[in-house]
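This report concerns only the one structure given below.
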Amino acid sequence: GLTSEVGDWVGGLRFYVRGGVAHLLDLAVTTPERGQGHAHRLLAAFEERAAQEGAELAEFWTDDDRAEGLLAALGWRLLFRRPNYMHGRAWSLMEKSLHDGSGRRG
């Protein structure tokens with residue numbers, strides 16, 4: 001998680017790695033702290049940590065259009081969109097390779 005200079009919680013995320021895939025479960029930034037790049041920093045740390053734990057691919061199911069846009073800007077791609085899924089909302093499966101194609105992570 002992230003904390004501010006005075007120790008207040010700013011945001012965090014939860015994930016697990018199984019079978020070479022890092023499953024991002026939650027990504028949250030407090031409302032007053034949004035728009036300051038915290039989500040970008042959290043995602044970059046997640047990708048680095050997941051790769052260190054042996055993940056080659058990251059996945060995230062989201063029903064939040066803002067999250068989908070943020071992930072797309074950071075190199076994630078829309079793999080699948082499921083309309084009228086949970087709670088009648090459309091959900092998107094986003095993914096990102098944690099390798100750059102040369103065998104290096106990144």
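Labels used: A, B, ... for chains in the order of the structure tokens, numbers from 1 for residues in each chain, and numbers from 1 for ligands as shown.
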List every residue of region 10-63 of chain A that DSSP, applied to the backbone, labels as helix (DSSP H, G or I), and write the result as a PDB file with all heavy atoms, in the first residue's frame.
ATOM      1  N   THR A  31     -10.213   8.934  -2.559  1.00  0.00           N
ATOM      2  CA  THR A  31     -10.755  10.001  -3.415  1.00  0.00           C
ATOM      3  C   THR A  31      -9.909  11.274  -3.384  1.00  0.00           C
ATOM      4  O   THR A  31      -9.585  11.810  -4.449  1.00  0.00           O
ATOM      5  CB  THR A  31     -12.214  10.300  -3.038  1.00  0.00           C
ATOM      6  OG1 THR A  31     -12.967   9.089  -3.180  1.00  0.00           O
ATOM      7  CG2 THR A  31     -12.816  11.366  -3.929  1.00  0.00           C
ATOM      8  N   PRO A  32      -9.492  11.790  -2.218  1.00  0.00           N
ATOM      9  CA  PRO A  32      -8.718  13.041  -2.241  1.00  0.00           C
ATOM     10  C   PRO A  32      -7.350  12.912  -2.911  1.00  0.00           C
ATOM     11  O   PRO A  32      -6.763  13.909  -3.317  1.00  0.00           O
ATOM     12  CB  PRO A  32      -8.529  13.397  -0.758  1.00  0.00           C
ATOM     13  CG  PRO A  32      -9.362  12.455   0.024  1.00  0.00           C
ATOM     14  CD  PRO A  32      -9.761  11.327  -0.865  1.00  0.00           C
ATOM     15  N   GLU A  33      -6.849  11.698  -3.026  1.00  0.00           N
ATOM     16  CA  GLU A  33      -5.506  11.477  -3.572  1.00  0.00           C
ATOM     17  C   GLU A  33      -5.506  11.100  -5.053  1.00  0.00           C
ATOM     18  O   GLU A  33      -4.451  10.895  -5.639  1.00  0.00           O
ATOM     19  CB  GLU A  33      -4.789  10.384  -2.768  1.00  0.00           C
ATOM     20  CG  GLU A  33      -4.591  10.725  -1.311  1.00  0.00           C
ATOM     21  CD  GLU A  33      -3.587  11.845  -1.102  1.00  0.00           C
ATOM     22  OE1 GLU A  33      -2.721  12.071  -1.975  1.00  0.00           O
ATOM     23  OE2 GLU A  33      -3.663  12.501  -0.044  1.00  0.00           O
ATOM     24  N   HIS A  38      -0.759   8.037  -8.204  1.00  0.00           N
ATOM     25  CA  HIS A  38      -0.599   6.941  -7.250  1.00  0.00           C
ATOM     26  C   HIS A  38      -0.949   5.589  -7.868  1.00  0.00           C
ATOM     27  O   HIS A  38      -0.256   4.600  -7.626  1.00  0.00           O
ATOM     28  CB  HIS A  38      -1.447   7.176  -6.001  1.00  0.00           C
ATOM     29  CG  HIS A  38      -1.057   8.393  -5.232  1.00  0.00           C
ATOM     30  ND1 HIS A  38       0.228   8.637  -4.803  1.00  0.00           N
ATOM     31  CD2 HIS A  38      -1.797   9.459  -4.812  1.00  0.00           C
ATOM     32  CE1 HIS A  38       0.273   9.791  -4.155  1.00  0.00           C
ATOM     33  NE2 HIS A  38      -0.943  10.304  -4.147  1.00  0.00           N
ATOM     34  N   ALA A  39      -2.016   5.527  -8.663  1.00  0.00           N
ATOM     35  CA  ALA A  39      -2.404   4.255  -9.286  1.00  0.00           C
ATOM     36  C   ALA A  39      -1.313   3.771 -10.237  1.00  0.00           C
ATOM     37  O   ALA A  39      -1.017   2.571 -10.281  1.00  0.00           O
ATOM     38  CB  ALA A  39      -3.732   4.393 -10.022  1.00  0.00           C
ATOM     39  N   HIS A  40      -0.694   4.695 -10.964  1.00  0.00           N
ATOM     40  CA  HIS A  40       0.418   4.319 -11.848  1.00  0.00           C
ATOM     41  C   HIS A  40       1.551   3.693 -11.047  1.00  0.00           C
ATOM     42  O   HIS A  40       2.119   2.669 -11.438  1.00  0.00           O
ATOM     43  CB  HIS A  40       0.946   5.545 -12.607  1.00  0.00           C
ATOM     44  CG  HIS A  40       0.033   6.058 -13.659  1.00  0.00           C
ATOM     45  ND1 HIS A  40      -1.014   6.901 -13.363  1.00  0.00           N
ATOM     46  CD2 HIS A  40      -0.008   5.849 -14.989  1.00  0.00           C
ATOM     47  CE1 HIS A  40      -1.656   7.199 -14.483  1.00  0.00           C
ATOM     48  NE2 HIS A  40      -1.072   6.572 -15.485  1.00  0.00           N
ATOM     49  N   ARG A  41       1.901   4.309  -9.916  1.00  0.00           N
ATOM     50  CA  ARG A  41       2.994   3.788  -9.091  1.00  0.00           C
ATOM     51  C   ARG A  41       2.636   2.426  -8.497  1.00  0.00           C
ATOM     52  O   ARG A  41       3.473   1.529  -8.447  1.00  0.00           O
ATOM     53  CB  ARG A  41       3.349   4.789  -7.990  1.00  0.00           C
ATOM     54  CG  ARG A  41       4.134   5.983  -8.521  1.00  0.00           C
ATOM     55  CD  ARG A  41       4.673   6.862  -7.420  1.00  0.00           C
ATOM     56  NE  ARG A  41       3.652   7.685  -6.783  1.00  0.00           N
ATOM     57  CZ  ARG A  41       3.121   8.777  -7.323  1.00  0.00           C
ATOM     58  NH1 ARG A  41       3.511   9.182  -8.518  1.00  0.00           N
ATOM     59  NH2 ARG A  41       2.217   9.475  -6.678  1.00  0.00           N
ATOM     60  N   LEU A  42       1.396   2.274  -8.055  1.00  0.00           N
ATOM     61  CA  LEU A  42       0.962   0.984  -7.510  1.00  0.00           C
ATOM     62  C   LEU A  42       1.032  -0.107  -8.568  1.00  0.00           C
ATOM     63  O   LEU A  42       1.502  -1.215  -8.304  1.00  0.00           O
ATOM     64  CB  LEU A  42      -0.463   1.091  -6.964  1.00  0.00           C
ATOM     65  CG  LEU A  42      -0.618   1.808  -5.631  1.00  0.00           C
ATOM     66  CD1 LEU A  42      -2.086   2.152  -5.388  1.00  0.00           C
ATOM     67  CD2 LEU A  42      -0.082   0.947  -4.496  1.00  0.00           C
ATOM     68  N   LEU A  43       0.565   0.200  -9.780  1.00  0.00           N
ATOM     69  CA  LEU A  43       0.580  -0.796 -10.853  1.00  0.00           C
ATOM     70  C   LEU A  43       2.004  -1.161 -11.258  1.00  0.00           C
ATOM     71  O   LEU A  43       2.300  -2.331 -11.503  1.00  0.00           O
ATOM     72  CB  LEU A  43      -0.217  -0.299 -12.056  1.00  0.00           C
ATOM     73  CG  LEU A  43      -1.728  -0.398 -11.880  1.00  0.00           C
ATOM     74  CD1 LEU A  43      -2.441   0.432 -12.934  1.00  0.00           C
ATOM     75  CD2 LEU A  43      -2.177  -1.847 -11.931  1.00  0.00           C
ATOM     76  N   ALA A  44       2.886  -0.180 -11.326  1.00  0.00           N
ATOM     77  CA  ALA A  44       4.280  -0.465 -11.676  1.00  0.00           C
ATOM     78  C   ALA A  44       4.914  -1.373 -10.622  1.00  0.00           C
ATOM     79  O   ALA A  44       5.620  -2.336 -10.962  1.00  0.00           O
ATOM     80  CB  ALA A  44       5.073   0.838 -11.813  1.00  0.00           C
ATOM     81  N   ALA A  45       4.644  -1.102  -9.345  1.00  0.00           N
ATOM     82  CA  ALA A  45       5.187  -1.936  -8.273  1.00  0.00           C
ATOM     83  C   ALA A  45       4.588  -3.340  -8.339  1.00  0.00           C
ATOM     84  O   ALA A  45       5.297  -4.337  -8.134  1.00  0.00           O
ATOM     85  CB  ALA A  45       4.904  -1.297  -6.912  1.00  0.00           C
ATOM     86  N   PHE A  46       3.286  -3.429  -8.634  1.00  0.00           N
ATOM     87  CA  PHE A  46       2.629  -4.727  -8.778  1.00  0.00           C
ATOM     88  C   PHE A  46       3.278  -5.540  -9.898  1.00  0.00           C
ATOM     89  O   PHE A  46       3.602  -6.712  -9.721  1.00  0.00           O
ATOM     90  CB  PHE A  46       1.141  -4.535  -9.063  1.00  0.00           C
ATOM     91  CG  PHE A  46       0.497  -5.672  -9.800  1.00  0.00           C
ATOM     92  CD1 PHE A  46       0.292  -6.896  -9.177  1.00  0.00           C
ATOM     93  CD2 PHE A  46       0.102  -5.517 -11.118  1.00  0.00           C
ATOM     94  CE1 PHE A  46      -0.299  -7.954  -9.860  1.00  0.00           C
ATOM     95  CE2 PHE A  46      -0.492  -6.562 -11.802  1.00  0.00           C
ATOM     96  CZ  PHE A  46      -0.690  -7.782 -11.177  1.00  0.00           C
ATOM     97  N   GLU A  47       3.483  -4.925 -11.062  1.00  0.00           N
ATOM     98  CA  GLU A  47       4.057  -5.637 -12.200  1.00  0.00           C
ATOM     99  C   GLU A  47       5.460  -6.133 -11.877  1.00  0.00           C
ATOM    100  O   GLU A  47       5.814  -7.272 -12.197  1.00  0.00           O
ATOM    101  CB  GLU A  47       4.059  -4.741 -13.438  1.00  0.00           C
ATOM    102  CG  GLU A  47       2.665  -4.477 -13.966  1.00  0.00           C
ATOM    103  CD  GLU A  47       2.628  -3.455 -15.081  1.00  0.00           C
ATOM    104  OE1 GLU A  47       3.690  -3.138 -15.658  1.00  0.00           O
ATOM    105  OE2 GLU A  47       1.520  -2.967 -15.382  1.00  0.00           O
ATOM    106  N   GLU A  48       6.257  -5.304 -11.204  1.00  0.00           N
ATOM    107  CA  GLU A  48       7.617  -5.700 -10.848  1.00  0.00           C
ATOM    108  C   GLU A  48       7.595  -6.849  -9.842  1.00  0.00           C
ATOM    109  O   GLU A  48       8.312  -7.843  -9.998  1.00  0.00           O
ATOM    110  CB  GLU A  48       8.365  -4.500 -10.268  1.00  0.00           C
ATOM    111  CG  GLU A  48       9.809  -4.813  -9.928  1.00  0.00           C
ATOM    112  CD  GLU A  48      10.557  -3.590  -9.425  1.00  0.00           C
ATOM    113  OE1 GLU A  48      10.260  -2.473  -9.881  1.00  0.00           O
ATOM    114  OE2 GLU A  48      11.436  -3.775  -8.567  1.00  0.00           O
ATOM    115  N   ARG A  49       6.768  -6.734  -8.827  1.00  0.00           N
ATOM    116  CA  ARG A  49       6.693  -7.772  -7.791  1.00  0.00           C
ATOM    117  C   ARG A  49       6.163  -9.080  -8.369  1.00  0.00           C
ATOM    118  O   ARG A  49       6.664 -10.162  -8.067  1.00  0.00           O
ATOM    119  CB  ARG A  49       5.802  -7.282  -6.650  1.00  0.00           C
ATOM    120  CG  ARG A  49       5.547  -8.280  -5.563  1.00  0.00           C
ATOM    121  CD  ARG A  49       6.799  -8.487  -4.695  1.00  0.00           C
ATOM    122  NE  ARG A  49       6.571  -9.488  -3.683  1.00  0.00           N
ATOM    123  CZ  ARG A  49       6.056  -9.259  -2.493  1.00  0.00           C
ATOM    124  NH1 ARG A  49       5.718  -8.036  -2.137  1.00  0.00           N
ATOM    125  NH2 ARG A  49       5.891 -10.243  -1.639  1.00  0.00           N
ATOM    126  N   ALA A  50       5.128  -8.996  -9.208  1.00  0.00           N
ATOM    127  CA  ALA A  50       4.557 -10.203  -9.808  1.00  0.00           C
ATOM    128  C   ALA A  50       5.592 -10.915 -10.672  1.00  0.00           C
ATOM    129  O   ALA A  50       5.704 -12.146 -10.637  1.00  0.00           O
ATOM    130  CB  ALA A  50       3.321  -9.840 -10.624  1.00  0.00           C
ATOM    131  N   ALA A  51       6.358 -10.156 -11.442  1.00  0.00           N
ATOM    132  CA  ALA A  51       7.409 -10.753 -12.271  1.00  0.00           C
ATOM    133  C   ALA A  51       8.468 -11.414 -11.397  1.00  0.00           C
ATOM    134  O   ALA A  51       8.953 -12.504 -11.713  1.00  0.00           O
ATOM    135  CB  ALA A  51       8.026  -9.692 -13.183  1.00  0.00           C
ATOM    136  N   GLN A  52       8.822 -10.784 -10.275  1.00  0.00           N
ATOM    137  CA  GLN A  52       9.793 -11.376  -9.354  1.00  0.00           C
ATOM    138  C   GLN A  52       9.277 -12.697  -8.793  1.00  0.00           C
ATOM    139  O   GLN A  52      10.062 -13.590  -8.487  1.00  0.00           O
ATOM    140  CB  GLN A  52      10.095 -10.418  -8.201  1.00  0.00           C
ATOM    141  CG  GLN A  52      10.900  -9.210  -8.598  1.00  0.00           C
ATOM    142  CD  GLN A  52      10.998  -8.178  -7.483  1.00  0.00           C
ATOM    143  OE1 GLN A  52      10.367  -8.306  -6.435  1.00  0.00           O
ATOM    144  NE2 GLN A  52      11.775  -7.144  -7.723  1.00  0.00           N
TER     145      GLN A  52
END
_What's around region 16-29 of chain A at 10 Å? Count only C-alpha atoms, leave out sequence neighbours fewer than 3 positions away in its own chain, and write the answer as a count of residues only._
38
*asked:* Rounded to one decimal, what separation in Å do you get between CA of Trp91 (chain A) and CA of Asp65 (chain A)?
replied: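 Distance reported for this atom pair: 9.2 Å.
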_Just want the 9 Å neighbourhood of Leu78 (chain A), counted on only C-alpha atoms, with same-chain residues fewer than 2 positions away dropped. Output as a list in words._
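Counting only C-alpha atoms, the residues come to Glu68, Ala72, Trp76, Phe80, Arg81, Ser92, Leu93, Met94 and Glu95 of chain A.
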*Give me, please, the distance in Å between CA of Leu79 (chain A) and CA of Asp64 (chain A), quoted to one decimal.*
15.1 Å
As a PDB file with N, CA, C and O atoms, in the first residue's frame, please: every residue in chain A that DSSP puts in strand (DSSP E or B).
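Below is the file that was written, states.pdb:
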ATOM      1  N   LEU A   2       0.236   2.357  -0.255  1.00  0.00           N
ATOM      2  CA  LEU A   2       0.909   3.655  -0.242  1.00  0.00           C
ATOM      3  C   LEU A   2       0.406   4.470   0.929  1.00  0.00           C
ATOM      4  O   LEU A   2      -0.778   4.432   1.255  1.00  0.00           O
ATOM      5  N   THR A   3       1.305   5.225   1.540  1.00  0.00           N
ATOM      6  CA  THR A   3       0.910   6.175   2.573  1.00  0.00           C
ATOM      7  C   THR A   3       1.481   7.537   2.213  1.00  0.00           C
ATOM      8  O   THR A   3       2.469   7.648   1.487  1.00  0.00           O
ATOM      9  N   TRP A   9      -3.188   6.539   4.868  1.00  0.00           N
ATOM     10  CA  TRP A   9      -3.310   5.571   3.779  1.00  0.00           C
ATOM     11  C   TRP A   9      -3.804   6.264   2.530  1.00  0.00           C
ATOM     12  O   TRP A   9      -4.792   6.985   2.550  1.00  0.00           O
ATOM     13  N   VAL A  10      -3.099   6.068   1.411  1.00  0.00           N
ATOM     14  CA  VAL A  10      -3.430   6.701   0.138  1.00  0.00           C
ATOM     15  C   VAL A  10      -4.054   5.690  -0.816  1.00  0.00           C
ATOM     16  O   VAL A  10      -4.995   6.001  -1.539  1.00  0.00           O
ATOM     17  N   GLY A  11      -3.550   4.466  -0.819  1.00  0.00           N
ATOM     18  CA  GLY A  11      -4.084   3.457  -1.726  1.00  0.00           C
ATOM     19  C   GLY A  11      -3.313   2.165  -1.615  1.00  0.00           C
ATOM     20  O   GLY A  11      -2.307   2.078  -0.900  1.00  0.00           O
ATOM     21  N   GLY A  12      -3.803   1.163  -2.329  1.00  0.00           N
ATOM     22  CA  GLY A  12      -3.137  -0.122  -2.326  1.00  0.00           C
ATOM     23  C   GLY A  12      -3.768  -1.061  -3.329  1.00  0.00           C
ATOM     24  O   GLY A  12      -4.718  -0.701  -4.032  1.00  0.00           O
ATOM     25  N   LEU A  13      -3.233  -2.264  -3.379  1.00  0.00           N
ATOM     26  CA  LEU A  13      -3.797  -3.278  -4.262  1.00  0.00           C
ATOM     27  C   LEU A  13      -3.573  -4.648  -3.664  1.00  0.00           C
ATOM     28  O   LEU A  13      -2.740  -4.830  -2.778  1.00  0.00           O
ATOM     29  N   ARG A  14      -4.349  -5.614  -4.155  1.00  0.00           N
ATOM     30  CA  ARG A  14      -4.211  -7.005  -3.735  1.00  0.00           C
ATOM     31  C   ARG A  14      -4.059  -7.859  -4.985  1.00  0.00           C
ATOM     32  O   ARG A  14      -4.716  -7.589  -5.999  1.00  0.00           O
ATOM     33  N   PHE A  15      -3.218  -8.897  -4.902  1.00  0.00           N
ATOM     34  CA  PHE A  15      -3.034  -9.809  -6.020  1.00  0.00           C
ATOM     35  C   PHE A  15      -2.537 -11.141  -5.509  1.00  0.00           C
ATOM     36  O   PHE A  15      -2.100 -11.271  -4.364  1.00  0.00           O
ATOM     37  N   TYR A  16      -2.603 -12.135  -6.363  1.00  0.00           N
ATOM     38  CA  TYR A  16      -1.948 -13.414  -6.100  1.00  0.00           C
ATOM     39  C   TYR A  16      -1.396 -13.934  -7.412  1.00  0.00           C
ATOM     40  O   TYR A  16      -1.832 -13.534  -8.488  1.00  0.00           O
ATOM     41  N   VAL A  17      -0.375 -14.810  -7.312  1.00  0.00           N
ATOM     42  CA  VAL A  17       0.249 -15.411  -8.487  1.00  0.00           C
ATOM     43  C   VAL A  17      -0.022 -16.903  -8.447  1.00  0.00           C
ATOM     44  O   VAL A  17       0.191 -17.552  -7.422  1.00  0.00           O
ATOM     45  N   ARG A  18      -0.519 -17.439  -9.555  1.00  0.00           N
ATOM     46  CA  ARG A  18      -0.751 -18.879  -9.671  1.00  0.00           C
ATOM     47  C   ARG A  18      -0.493 -19.284 -11.117  1.00  0.00           C
ATOM     48  O   ARG A  18      -1.011 -18.659 -12.036  1.00  0.00           O
ATOM     49  N   VAL A  21       0.588 -16.689 -13.707  1.00  0.00           N
ATOM     50  CA  VAL A  21      -0.316 -15.560 -13.958  1.00  0.00           C
ATOM     51  C   VAL A  21      -0.527 -14.794 -12.654  1.00  0.00           C
ATOM     52  O   VAL A  21      -0.850 -15.383 -11.626  1.00  0.00           O
ATOM     53  N   ALA A  22      -0.328 -13.483 -12.717  1.00  0.00           N
ATOM     54  CA  ALA A  22      -0.601 -12.613 -11.575  1.00  0.00           C
ATOM     55  C   ALA A  22      -2.033 -12.090 -11.724  1.00  0.00           C
ATOM     56  O   ALA A  22      -2.352 -11.431 -12.708  1.00  0.00           O
ATOM     57  N   HIS A  23      -2.865 -12.416 -10.756  1.00  0.00           N
ATOM     58  CA  HIS A  23      -4.264 -11.997 -10.771  1.00  0.00           C
ATOM     59  C   HIS A  23      -4.414 -10.771  -9.877  1.00  0.00           C
ATOM     60  O   HIS A  23      -4.323 -10.886  -8.661  1.00  0.00           O
ATOM     61  N   LEU A  24      -4.614  -9.615 -10.493  1.00  0.00           N
ATOM     62  CA  LEU A  24      -4.845  -8.387  -9.746  1.00  0.00           C
ATOM     63  C   LEU A  24      -6.294  -8.412  -9.277  1.00  0.00           C
ATOM     64  O   LEU A  24      -7.218  -8.543 -10.083  1.00  0.00           O
ATOM     65  N   LEU A  25      -6.508  -8.338  -7.968  1.00  0.00           N
ATOM     66  CA  LEU A  25      -7.854  -8.452  -7.403  1.00  0.00           C
ATOM     67  C   LEU A  25      -8.490  -7.093  -7.163  1.00  0.00           C
ATOM     68  O   LEU A  25      -9.667  -6.890  -7.480  1.00  0.00           O
ATOM     69  N   ASP A  26      -7.762  -6.181  -6.564  1.00  0.00           N
ATOM     70  CA  ASP A  26      -8.290  -4.864  -6.217  1.00  0.00           C
ATOM     71  C   ASP A  26      -7.209  -3.826  -6.401  1.00  0.00           C
ATOM     72  O   ASP A  26      -6.039  -4.082  -6.107  1.00  0.00           O
ATOM     73  N   LEU A  27      -7.622  -2.641  -6.828  1.00  0.00           N
ATOM     74  CA  LEU A  27      -6.750  -1.477  -6.918  1.00  0.00           C
ATOM     75  C   LEU A  27      -7.568  -0.303  -6.416  1.00  0.00           C
ATOM     76  O   LEU A  27      -8.663  -0.047  -6.933  1.00  0.00           O
ATOM     77  N   ALA A  28      -7.076   0.392  -5.393  1.00  0.00           N
ATOM     78  CA  ALA A  28      -7.839   1.489  -4.811  1.00  0.00           C
ATOM     79  C   ALA A  28      -6.920   2.646  -4.452  1.00  0.00           C
ATOM     80  O   ALA A  28      -5.810   2.448  -3.973  1.00  0.00           O
ATOM     81  N   VAL A  29      -7.405   3.861  -4.701  1.00  0.00           N
ATOM     82  CA  VAL A  29      -6.752   5.093  -4.264  1.00  0.00           C
ATOM     83  C   VAL A  29      -7.847   5.954  -3.640  1.00  0.00           C
ATOM     84  O   VAL A  29      -8.937   6.084  -4.198  1.00  0.00           O
ATOM     85  N   LEU A  57       2.400 -13.170 -16.967  1.00  0.00           N
ATOM     86  CA  LEU A  57       1.206 -12.485 -17.460  1.00  0.00           C
ATOM     87  C   LEU A  57       0.451 -11.935 -16.269  1.00  0.00           C
ATOM     88  O   LEU A  57       0.401 -12.567 -15.214  1.00  0.00           O
ATOM     89  N   ALA A  58      -0.152 -10.758 -16.444  1.00  0.00           N
ATOM     90  CA  ALA A  58      -1.009 -10.178 -15.419  1.00  0.00           C
ATOM     91  C   ALA A  58      -2.419 -10.074 -15.972  1.00  0.00           C
ATOM     92  O   ALA A  58      -2.610  -9.778 -17.156  1.00  0.00           O
ATOM     93  N   GLU A  59      -3.415 -10.338 -15.118  1.00  0.00           N
ATOM     94  CA  GLU A  59      -4.828 -10.249 -15.498  1.00  0.00           C
ATOM     95  C   GLU A  59      -5.592  -9.431 -14.472  1.00  0.00           C
ATOM     96  O   GLU A  59      -5.267  -9.447 -13.286  1.00  0.00           O
ATOM     97  N   PHE A  60      -6.640  -8.757 -14.941  1.00  0.00           N
ATOM     98  CA  PHE A  60      -7.505  -7.986 -14.051  1.00  0.00           C
ATOM     99  C   PHE A  60      -8.898  -7.905 -14.651  1.00  0.00           C
ATOM    100  O   PHE A  60      -9.078  -7.428 -15.766  1.00  0.00           O
ATOM    101  N   TRP A  61      -9.890  -8.387 -13.918  1.00  0.00           N
ATOM    102  CA  TRP A  61     -11.296  -8.210 -14.289  1.00  0.00           C
ATOM    103  C   TRP A  61     -11.768  -6.901 -13.676  1.00  0.00           C
ATOM    104  O   TRP A  61     -11.564  -6.669 -12.481  1.00  0.00           O
ATOM    105  N   THR A  62     -12.391  -6.036 -14.453  1.00  0.00           N
ATOM    106  CA  THR A  62     -12.881  -4.762 -13.930  1.00  0.00           C
ATOM    107  C   THR A  62     -14.217  -4.380 -14.559  1.00  0.00           C
ATOM    108  O   THR A  62     -14.483  -4.706 -15.715  1.00  0.00           O
ATOM    109  N   ARG A  77      -4.003  -4.695 -22.362  1.00  0.00           N
ATOM    110  CA  ARG A  77      -4.936  -4.765 -23.487  1.00  0.00           C
ATOM    111  C   ARG A  77      -6.234  -5.444 -23.055  1.00  0.00           C
ATOM    112  O   ARG A  77      -6.234  -6.300 -22.157  1.00  0.00           O
ATOM    113  N   LEU A  78      -7.296  -5.023 -23.698  1.00  0.00           N
ATOM    114  CA  LEU A  78      -8.604  -5.625 -23.454  1.00  0.00           C
ATOM    115  C   LEU A  78      -8.624  -6.985 -24.125  1.00  0.00           C
ATOM    116  O   LEU A  78      -8.435  -7.095 -25.331  1.00  0.00           O
ATOM    117  N   LEU A  79      -8.820  -8.026 -23.341  1.00  0.00           N
ATOM    118  CA  LEU A  79      -8.856  -9.379 -23.874  1.00  0.00           C
ATOM    119  C   LEU A  79     -10.287  -9.805 -24.167  1.00  0.00           C
ATOM    120  O   LEU A  79     -10.561 -10.452 -25.169  1.00  0.00           O
ATOM    121  N   PHE A  80     -11.207  -9.407 -23.295  1.00  0.00           N
ATOM    122  CA  PHE A  80     -12.571  -9.916 -23.383  1.00  0.00           C
ATOM    123  C   PHE A  80     -13.497  -8.974 -22.624  1.00  0.00           C
ATOM    124  O   PHE A  80     -13.125  -8.469 -21.573  1.00  0.00           O
ATOM    125  N   ARG A  81     -14.673  -8.715 -23.172  1.00  0.00           N
ATOM    126  CA  ARG A  81     -15.692  -7.927 -22.471  1.00  0.00           C
ATOM    127  C   ARG A  81     -16.932  -8.796 -22.326  1.00  0.00           C
ATOM    128  O   ARG A  81     -17.409  -9.376 -23.296  1.00  0.00           O
ATOM    129  N   ARG A  82     -17.420  -8.893 -21.098  1.00  0.00           N
ATOM    130  CA  ARG A  82     -18.589  -9.723 -20.825  1.00  0.00           C
ATOM    131  C   ARG A  82     -19.754  -8.820 -20.408  1.00  0.00           C
ATOM    132  O   ARG A  82     -19.780  -8.320 -19.282  1.00  0.00           O
ATOM    133  N   TRP A  91     -18.294  -6.342 -17.627  1.00  0.00           N
ATOM    134  CA  TRP A  91     -16.971  -6.518 -17.041  1.00  0.00           C
ATOM    135  C   TRP A  91     -15.977  -6.767 -18.158  1.00  0.00           C
ATOM    136  O   TRP A  91     -16.296  -7.410 -19.148  1.00  0.00           O
ATOM    137  N   SER A  92     -14.764  -6.253 -17.981  1.00  0.00           N
ATOM    138  CA  SER A  92     -13.696  -6.408 -18.965  1.00  0.00           C
ATOM    139  C   SER A  92     -12.535  -7.165 -18.343  1.00  0.00           C
ATOM    140  O   SER A  92     -12.152  -6.896 -17.204  1.00  0.00           O
ATOM    141  N   LEU A  93     -11.978  -8.096 -19.122  1.00  0.00           N
ATOM    142  CA  LEU A  93     -10.772  -8.804 -18.710  1.00  0.00           C
ATOM    143  C   LEU A  93      -9.601  -8.135 -19.419  1.00  0.00           C
ATOM    144  O   LEU A  93      -9.513  -8.141 -20.636  1.00  0.00           O
ATOM    145  N   MET A  94      -8.712  -7.540 -18.623  1.00  0.00           N
ATOM    146  CA  MET A  94      -7.525  -6.876 -19.141  1.00  0.00           C
ATOM    147  C   MET A  94      -6.324  -7.764 -18.864  1.00  0.00           C
ATOM    148  O   MET A  94      -6.298  -8.473 -17.862  1.00  0.00           O
ATOM    149  N   GLU A  95      -5.329  -7.716 -19.753  1.00  0.00           N
ATOM    150  CA  GLU A  95      -4.115  -8.497 -19.518  1.00  0.00           C
ATOM    151  C   GLU A  95      -2.895  -7.728 -19.993  1.00  0.00           C
ATOM    152  O   GLU A  95      -2.987  -6.826 -20.827  1.00  0.00           O
ATOM    153  N   LYS A  96      -1.753  -8.113 -19.430  1.00  0.00           N
ATOM    154  CA  LYS A  96      -0.480  -7.520 -19.841  1.00  0.00           C
ATOM    155  C   LYS A  96       0.610  -8.564 -19.688  1.00  0.00           C
ATOM    156  O   LYS A  96       0.713  -9.238 -18.660  1.00  0.00           O
ATOM    157  N   SER A  97       1.440  -8.689 -20.719  1.00  0.00           N
ATOM    158  CA  SER A  97       2.618  -9.541 -20.633  1.00  0.00           C
ATOM    159  C   SER A  97       3.630  -8.860 -19.716  1.00  0.00           C
ATOM    160  O   SER A  97       3.830  -7.647 -19.797  1.00  0.00           O
ATOM    161  N   HIS A  99       6.754  -9.636 -19.798  1.00  0.00           N
ATOM    162  CA  HIS A  99       8.025  -9.739 -20.522  1.00  0.00           C
ATOM    163  C   HIS A  99       7.962  -8.787 -21.694  1.00  0.00           C
ATOM    164  O   HIS A  99       6.915  -8.546 -22.263  1.00  0.00           O
ATOM    165  N   ARG A 105      12.198  -9.097 -18.173  1.00  0.00           N
ATOM    166  CA  ARG A 105      10.921  -8.662 -17.613  1.00  0.00           C
ATOM    167  C   ARG A 105      10.785  -7.170 -17.827  1.00  0.00           C
ATOM    168  O   ARG A 105      11.754  -6.433 -17.788  1.00  0.00           O
TER     169      ARG A 105
END
